[in-house]
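Everything below belongs to upload-v3.cif, which stores mmCIF, C-alpha atoms.
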```
data_input
#
loop_
_atom_site.label_atom_id
_atom_site.label_comp_id
_atom_site.auth_asym_id
_atom_site.auth_seq_id
_atom_site.Cartn_x
_atom_site.Cartn_y
_atom_site.Cartn_z
CA MET E 1 11.82 1.72 -25.86
CA ARG E 2 8.71 1.41 -23.67
CA LEU E 3 8.58 3.48 -20.51
CA PRO E 4 5.71 3.93 -18.06
CA ASP E 5 2.88 6.32 -18.84
CA PHE E 6 1.93 6.53 -15.17
CA LEU E 7 3.30 5.80 -11.72
CA ILE E 8 1.51 4.94 -8.48
CA ILE E 9 3.60 6.73 -5.88
CA GLY E 10 1.44 6.69 -2.76
CA GLY E 11 2.67 5.88 0.72
CA ALA E 12 3.40 2.25 1.59
CA LYS E 13 0.35 0.43 3.04
CA SER E 14 -2.08 2.96 1.59
CA GLY E 15 -3.73 0.64 -0.92
CA THR E 16 -1.13 0.78 -3.69
CA THR E 17 -1.07 -3.01 -4.02
CA THR E 18 -4.85 -3.20 -4.27
CA LEU E 19 -4.90 -0.54 -6.98
CA TYR E 20 -2.03 -2.29 -8.77
CA GLN E 21 -3.94 -5.59 -8.69
CA TYR E 22 -7.04 -3.97 -10.12
CA LEU E 23 -5.13 -2.29 -12.94
CA CYS E 24 -3.35 -5.54 -13.80
CA ARG E 25 -6.77 -6.89 -14.78
CA HIS E 26 -7.53 -4.11 -17.25
CA PRO E 27 -6.83 -5.17 -20.88
CA GLN E 28 -5.70 -1.66 -21.83
CA VAL E 29 -3.17 -1.42 -18.99
CA TYR E 30 0.18 -3.16 -18.54
CA MET E 31 1.69 -3.17 -15.04
CA SER E 32 5.33 -4.04 -14.42
CA THR E 33 6.55 -7.16 -12.68
CA PRO E 34 7.76 -6.62 -10.02
CA LYS E 35 5.16 -4.19 -8.78
CA GLU E 36 7.86 -1.94 -7.27
CA PRO E 37 10.99 -1.64 -9.45
CA ASP E 38 12.17 1.29 -7.25
CA PHE E 39 14.16 2.47 -10.26
CA PHE E 40 14.18 6.21 -9.56
CA ALA E 41 14.61 5.83 -5.78
CA ILE E 42 17.22 3.20 -5.02
CA ASP E 43 20.70 3.94 -6.37
CA ALA E 44 21.52 0.29 -7.11
CA GLN E 45 18.38 -0.02 -9.22
CA TYR E 46 19.00 3.28 -11.00
CA ALA E 47 22.54 2.18 -11.81
CA GLN E 48 21.13 -0.66 -13.95
CA GLY E 49 20.18 1.98 -16.49
CA ILE E 50 17.15 3.08 -18.46
CA ASP E 51 17.40 0.11 -20.83
CA TRP E 52 16.93 -2.28 -17.93
CA TYR E 53 13.98 -0.26 -16.67
CA SER E 54 12.43 -0.20 -20.12
CA SER E 55 12.77 -3.99 -20.36
CA LEU E 56 10.16 -4.32 -17.61
CA PHE E 57 7.57 -3.11 -20.14
CA ASN E 58 8.77 -5.00 -23.22
CA GLU E 59 5.75 -7.30 -23.23
CA ALA E 60 3.23 -4.46 -23.26
CA LYS E 61 1.08 -4.18 -26.37
CA PRO E 62 1.39 -0.96 -28.39
CA GLU E 63 -2.09 0.21 -27.36
CA GLN E 64 -1.62 -0.45 -23.64
CA MET E 65 -0.82 2.14 -21.00
CA CYS E 66 2.23 1.12 -18.95
CA GLY E 67 2.58 1.67 -15.23
CA GLU E 68 4.34 0.63 -12.05
CA ALA E 69 3.85 1.25 -8.34
CA SER E 70 6.96 2.05 -6.29
CA THR E 71 6.15 3.54 -2.90
CA THR E 72 9.83 4.42 -2.37
CA TYR E 73 9.32 7.36 -4.76
CA SER E 74 7.33 9.16 -2.07
CA ARG E 75 9.91 8.80 0.70
CA TRP E 76 12.03 11.79 -0.20
CA GLN E 77 13.93 11.82 3.10
CA GLN E 78 15.36 8.40 2.29
CA HIS E 79 15.46 8.82 -1.50
CA PRO E 80 15.95 12.54 -2.26
CA GLN E 81 16.71 12.05 -5.98
CA ALA E 82 13.53 10.17 -6.88
CA ALA E 83 11.39 13.11 -8.02
CA LYS E 84 14.17 14.72 -10.07
CA ARG E 85 15.15 11.45 -11.72
CA THR E 86 11.52 10.74 -12.56
CA ALA E 87 11.11 14.16 -14.19
CA GLN E 88 14.27 13.74 -16.25
CA ALA E 89 13.23 10.38 -17.66
CA LEU E 90 9.43 10.79 -17.72
CA PRO E 91 8.55 14.49 -18.04
CA ASN E 92 4.97 13.76 -19.13
CA VAL E 93 4.21 10.89 -16.78
CA LYS E 94 0.89 10.75 -14.87
CA LEU E 95 1.20 10.38 -11.10
CA ILE E 96 -1.35 8.61 -8.90
CA TYR E 97 -0.82 9.48 -5.25
CA ILE E 98 -2.89 7.42 -2.80
CA MET E 99 -3.11 8.27 0.91
CA ARG E 100 -4.44 6.79 4.12
CA HIS E 101 -5.04 7.88 7.72
CA PRO E 102 -1.43 8.81 8.57
CA VAL E 103 -1.21 7.02 11.94
CA ASP E 104 -2.86 3.85 10.64
CA ARG E 105 -0.54 3.85 7.64
CA ALA E 106 2.58 4.23 9.78
CA TYR E 107 1.59 1.40 12.11
CA SER E 108 0.59 -0.83 9.19
CA PHE E 109 3.99 -0.22 7.59
CA TYR E 110 5.62 -1.26 10.87
CA ILE E 111 3.58 -4.50 10.91
CA HIS E 112 4.69 -5.20 7.35
CA LYS E 113 8.36 -4.63 8.17
CA TYR E 114 8.08 -6.59 11.43
CA LYS E 115 6.60 -9.68 9.79
CA GLU E 116 9.02 -9.45 6.89
CA ALA E 117 11.99 -9.39 9.27
CA LYS E 118 10.69 -12.33 11.30
CA ARG E 119 9.97 -14.32 8.15
CA HIS E 120 13.58 -13.87 6.99
CA GLN E 121 14.97 -14.22 10.52
CA LYS E 122 16.36 -10.71 10.54
CA LYS E 123 16.57 -8.28 13.44
CA SER E 124 13.58 -5.99 13.85
CA PHE E 125 12.29 -3.40 16.30
CA ASP E 126 10.45 -5.09 19.16
CA THR E 127 7.76 -2.40 19.34
CA PHE E 128 6.26 0.27 17.14
CA GLU E 129 7.49 2.83 19.67
CA GLN E 130 11.10 1.71 19.18
CA ALA E 131 10.66 1.76 15.42
CA ILE E 132 9.48 5.37 15.23
CA LYS E 133 12.11 6.48 17.73
CA TYR E 134 15.07 5.13 15.80
CA GLN E 135 13.88 5.09 12.18
CA SER E 136 12.04 8.10 10.76
CA GLU E 137 10.94 6.21 7.64
CA PHE E 138 7.87 4.85 9.43
CA LEU E 139 6.47 8.35 9.98
CA ASP E 140 7.96 10.37 7.12
CA SER E 141 5.73 8.93 4.40
CA SER E 142 2.61 10.05 6.27
CA TYR E 143 3.52 13.72 5.81
CA TYR E 144 1.76 13.52 2.47
CA LEU E 145 1.81 17.12 1.38
CA GLU E 146 5.54 17.30 2.08
CA GLN E 147 6.07 14.34 -0.23
CA ILE E 148 3.73 15.76 -2.88
CA ASN E 149 5.53 19.11 -2.88
CA LYS E 150 8.78 17.42 -3.87
CA PHE E 151 7.13 16.25 -7.08
CA LEU E 152 5.36 19.58 -7.62
CA GLN E 153 8.80 21.11 -8.08
CA PHE E 154 9.03 19.18 -11.36
CA PHE E 155 5.44 18.37 -12.39
CA PRO E 156 2.30 20.50 -12.75
CA ARG E 157 -0.63 19.69 -10.50
CA GLU E 158 -2.55 18.46 -13.57
CA SER E 159 -0.17 15.50 -13.67
CA PHE E 160 -1.59 14.18 -10.40
CA LEU E 161 -4.57 12.13 -9.34
CA PHE E 162 -5.02 12.17 -5.57
CA LEU E 163 -6.88 9.25 -3.99
CA LEU E 164 -7.69 8.11 -0.47
CA MET E 165 -7.53 4.47 0.54
CA GLU E 166 -10.89 4.81 2.26
CA ASP E 167 -12.48 5.64 -1.08
CA LEU E 168 -10.90 2.57 -2.64
CA ILE E 169 -12.38 0.46 0.18
CA GLN E 170 -15.81 2.07 0.48
CA ARG E 171 -16.44 3.04 -3.15
CA PRO E 172 -14.18 0.81 -5.28
CA ALA E 173 -16.14 1.04 -8.53
CA GLU E 174 -16.40 4.84 -8.40
CA THR E 175 -12.75 5.26 -7.43
CA LEU E 176 -11.59 2.93 -10.19
CA GLU E 177 -13.72 4.77 -12.73
CA THR E 178 -12.02 8.02 -11.69
CA THR E 179 -8.61 6.36 -12.01
CA LEU E 180 -9.33 4.89 -15.43
CA ASN E 181 -10.65 8.20 -16.72
CA PHE E 182 -7.46 9.85 -15.50
CA LEU E 183 -5.47 7.27 -17.48
CA ASN E 184 -7.67 7.73 -20.56
CA VAL E 185 -8.61 4.06 -20.81
CA ASP E 186 -12.02 2.39 -20.91
CA SER E 187 -13.68 3.12 -17.56
CA GLN E 188 -16.72 0.90 -18.18
CA ILE E 189 -14.81 -2.33 -17.56
CA ASN E 190 -15.73 -3.87 -14.20
CA LEU E 191 -12.51 -4.59 -12.30
CA THR E 192 -14.00 -5.03 -8.84
CA GLN E 193 -13.74 -8.38 -7.13
CA GLU E 194 -15.70 -9.16 -3.99
CA GLY E 195 -13.53 -9.36 -0.91
CA LEU E 196 -10.28 -8.17 -2.53
CA ILE E 197 -10.12 -4.83 -0.75
CA ALA E 198 -11.58 -6.23 2.46
CA ALA E 199 -8.81 -8.82 2.50
CA ASN E 200 -6.12 -6.19 2.00
CA LYS E 201 -7.56 -4.10 4.81
CA ALA E 202 -7.86 -7.09 7.13
CA GLN E 203 -4.19 -7.94 6.74
CA ASP E 204 -3.28 -4.75 8.58
CA HIS E 205 -4.84 -6.12 11.77
CA PRO E 206 -2.57 -8.30 13.95
CA ASP E 207 -5.40 -10.80 14.53
CA TRP E 208 -5.47 -11.54 10.80
CA PHE E 209 -1.92 -12.82 11.10
CA VAL E 210 -2.87 -14.97 14.12
CA ARG E 211 -5.92 -16.41 12.39
CA LYS E 212 -4.07 -17.21 9.20
CA GLN E 213 -1.31 -19.08 11.05
CA LEU E 214 -3.65 -20.97 13.39
CA MET E 215 -5.99 -22.13 10.64
CA SER E 216 -3.41 -22.83 7.92
CA PRO E 217 -3.13 -26.59 8.75
CA PHE E 218 -6.82 -27.02 7.94
CA ALA E 219 -6.38 -25.50 4.49
CA LYS E 220 -4.17 -28.45 3.53
CA ILE E 221 -6.90 -31.02 4.23
CA PRO E 222 -8.70 -32.01 1.01
CA GLY E 223 -12.20 -30.59 0.78
CA VAL E 224 -11.94 -28.29 3.80
CA MET E 225 -11.86 -25.06 1.79
CA GLN E 226 -14.93 -26.13 -0.17
CA VAL E 227 -16.84 -26.85 3.04
CA LYS E 228 -15.66 -23.57 4.54
CA ALA E 229 -17.09 -21.64 1.60
CA LEU E 230 -20.53 -23.12 2.33
CA LEU E 231 -20.57 -22.18 6.01
CA PRO E 232 -22.02 -18.85 7.19
CA LYS E 233 -19.43 -16.35 8.37
CA GLN E 234 -20.85 -16.39 11.90
CA MET E 235 -20.30 -20.14 12.12
CA ARG E 236 -16.75 -19.87 10.76
CA ASP E 237 -15.95 -17.15 13.31
CA ARG E 238 -17.37 -19.25 16.17
CA PHE E 239 -15.25 -22.24 15.16
CA TYR E 240 -12.15 -20.06 14.97
CA GLN E 241 -12.73 -18.62 18.46
CA LEU E 242 -13.16 -22.09 19.96
CA PHE E 243 -10.05 -23.38 18.22
CA LYS E 244 -8.11 -20.28 19.22
CA GLN E 245 -8.91 -20.84 22.90
CA LEU E 246 -7.55 -24.37 22.66
CA ARG E 247 -4.43 -23.65 20.62
CA TYR E 248 -3.58 -19.99 21.01
CA GLN E 249 -1.33 -20.05 24.08
CA LYS E 250 0.76 -22.93 22.75
CA TRP E 251 0.95 -21.35 19.31
CA GLN E 252 1.75 -17.88 20.66
CA ALA E 253 4.77 -19.21 22.51
CA GLN E 254 6.18 -20.33 19.15
CA GLN E 255 5.42 -17.16 17.20
CA HIS E 256 6.54 -13.56 16.94
CA LEU E 257 3.46 -11.36 16.75
CA PRO E 258 3.56 -7.66 15.94
CA PRO E 259 2.81 -5.82 19.20
CA LYS E 260 -0.01 -3.29 19.31
CA MET E 261 0.53 0.46 19.29
CA LEU E 262 0.23 2.03 22.74
CA PRO E 263 -2.78 4.37 23.18
CA GLU E 264 -0.50 7.22 24.26
CA THR E 265 1.57 6.75 21.10
CA ARG E 266 -1.53 7.12 18.96
CA ARG E 267 -2.53 10.30 20.79
CA PHE E 268 0.96 11.73 20.35
CA LEU E 269 1.00 10.96 16.61
CA LEU E 270 -2.48 12.39 16.10
CA ASP E 271 -1.16 15.64 17.53
CA GLN E 272 1.93 15.45 15.30
CA TYR E 273 -0.10 15.02 12.15
CA TYR E 274 -2.90 17.45 13.02
CA GLN E 275 -1.42 20.53 11.32
CA PRO E 276 -0.07 18.66 8.27
CA ASN E 277 -3.51 17.09 7.85
CA GLN E 278 -5.11 20.52 7.93
CA GLN E 279 -2.75 21.77 5.24
CA LEU E 280 -3.39 18.70 3.12
CA ALA E 281 -7.15 19.16 3.49
CA GLU E 282 -6.84 22.71 2.18
CA PHE E 283 -4.65 21.54 -0.70
CA LEU E 284 -7.09 18.78 -1.68
CA GLN E 285 -10.15 20.89 -0.77
CA ARG E 286 -11.47 17.91 1.13
CA ASP E 287 -12.56 17.30 4.72
CA LEU E 288 -9.98 15.14 6.50
CA SER E 289 -11.16 15.81 10.06
CA HIS E 290 -11.80 12.07 10.58
CA TRP E 291 -8.03 11.62 10.42
CA ASN E 292 -7.76 13.46 13.75
CA SER E 293 -9.08 10.52 15.78
#
```
Take the structure in this file and express it as structure tokens.
Amino acid sequence: MRLPDFLIIGGAKSGTTTLYQYLCRHPQVYMSTPKEPDFFAIDAQYAQGIDWYSSLFNEAKPEQMCGEASTTYSRWQQHPQAAKRTAQALPNVKLIYIMRHPVDRAYSFYIHKYKEAKRHQKKSFDTFEQAIKYQSEFLDSSYYLEQINKFLQFFPRESFLFLLMEDLIQRPAETLETTLNFLNVDSQINLTQEGLIAANKAQDHPDWFVRKQLMSPFAKIPGVMQVKALLPKQMRDRFYQLFKQLRYQKWQAQQHLPPKMLPETRRFLLDQYYQPNQQLAEFLQRDLSHWNS
């Protein structure tokens, strides 16, 4: 029976997918498909049993480290049994907890849920303000130390690697080396890929969604993507802005775009997270003052 040697349990929209994608490319690491089995968090998944969970790692080679990345494990308010269940099944598992500016993460998670609902024609909150008023899940996961403490009830601190999404973006090679050393696999393998993290970060911005939808018809024209790759970024951006002026109003009337967060909402949330951020900074022994703006 193969079970995971490590779990990525960071907050949703904190870079867990990027880290998962990098680790999938390492020959000494086997990552589950799907990325997020949610086995220890969601009752219906847990009810399938440990044999089902183990089957997700059947194709791993004997020498590979196995892992998965379920962000539901660090939403204890919604899934209070996740940490205990994890400890019972995987008492020696390594835990990678990745974090992001708490307000940015919460809003990014809202964008993700909003677009997902529209794509499947399901009801969604019209604004971020409505979402955080009626569903605590959007904000809960950003109280990082509170989530971490639930796992510290069952695991020693040595079981954890704490990462920040900003490190993964700004210093990918260094951050990956730290991660690979934590997993005791070859850290000299280059897993970085130009533009991968930048693309993940860009998707959090509403304009990325607009640009992708407006320009998607061109991607279907033979040869266009090859020509695009040869053009300087400044020229591509200029073409997009001109095309957007011509098409945006007509296109916008046909689309459901995630609305922006109100400035007063951001100020309110910065105040809400100020003290928890201070406590987390002390716990990590790291300056997080840039999270206060």
**OP:** Counting all atoms listed in the file, figure out which residue out of E:Glu129, E:Ala82, E:Gln64, E:Met165 gets nearest to Gln153 (chain E).
**Re:** E:Ala82
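Rounded to one decimal, CA of Ser74 (chain E) and CA of Glu59 (chain E) lie 26.9 Å from each other.
Counting all atoms listed in the file and comparing E:Phe151, E:Tyr73, E:Phe128, E:Phe6, the residue that lies closest to Tyr114 (chain E) is E:Phe128.
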Original post:
Between E:Ile111, E:Ala131, E:Ile9, E:Val103, which is the closest to Ala41 (chain E) once you count all atoms listed in the file?
Top reply: E:Ile9
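Distances from E:Arg238, E:His290, E:Arg85, E:Lys150 to Ala47 (chain E) were compared using only C-alpha atoms, and the smallest one belongs to E:Arg85.
Nearest to Leu7 (chain E) of all the residues E:Leu163, E:Leu95, E:Ile169, E:Leu269 is E:Leu95, based on only C-alpha atoms.
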Subject >> Evaluate the PyMOL selection byres ((chain E and resi 33) around 12) and report residues as a ChimeraX atom specification >> reply: /E:20-21,24,30-32,34-38,53-60,66-70
Please, which residues are within 8 Å of (0.8, 9.0, 9.9) by the file's coordinates, counting all atoms listed in the file, and could they come as a PDB file with C-alpha atoms, in the frame of the given file?
```pdb
ATOM      1  CA  HIS E 101      -5.040   7.880   7.720  1.00  0.00           C
ATOM      2  CA  PRO E 102      -1.430   8.810   8.570  1.00  0.00           C
ATOM      3  CA  VAL E 103      -1.210   7.020  11.940  1.00  0.00           C
ATOM      4  CA  ASP E 104      -2.860   3.850  10.640  1.00  0.00           C
ATOM      5  CA  ARG E 105      -0.540   3.850   7.640  1.00  0.00           C
ATOM      6  CA  ALA E 106       2.580   4.230   9.780  1.00  0.00           C
ATOM      7  CA  TYR E 107       1.590   1.400  12.110  1.00  0.00           C
ATOM      8  CA  LEU E 139       6.470   8.350   9.980  1.00  0.00           C
ATOM      9  CA  ASP E 140       7.960  10.370   7.120  1.00  0.00           C
ATOM     10  CA  SER E 141       5.730   8.930   4.400  1.00  0.00           C
ATOM     11  CA  SER E 142       2.610  10.050   6.270  1.00  0.00           C
ATOM     12  CA  TYR E 143       3.520  13.720   5.810  1.00  0.00           C
ATOM     13  CA  LEU E 269       1.000  10.960  16.610  1.00  0.00           C
ATOM     14  CA  LEU E 270      -2.480  12.390  16.100  1.00  0.00           C
ATOM     15  CA  TYR E 273      -0.100  15.020  12.150  1.00  0.00           C
TER      16      TYR E 273
END
```
**OP:** Starting from the displayed file, determine the output of the PyMOL selection byres ((chain E and resi 177) around 12) and express the residue list as a ChimeraX atom specification.
**Re:** /E:19,22-23,26,163,167-168,171-176,178-192
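With CA of Asp5 (chain E) on one side and CA of Val93 (chain E) on the other, the separation reads 5.2 Å.
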Subject >> One-decimal distance in Å that lies between CA of Leu145 (chain E) and CA of Ser159 (chain E) >> reply: 15.3 Å
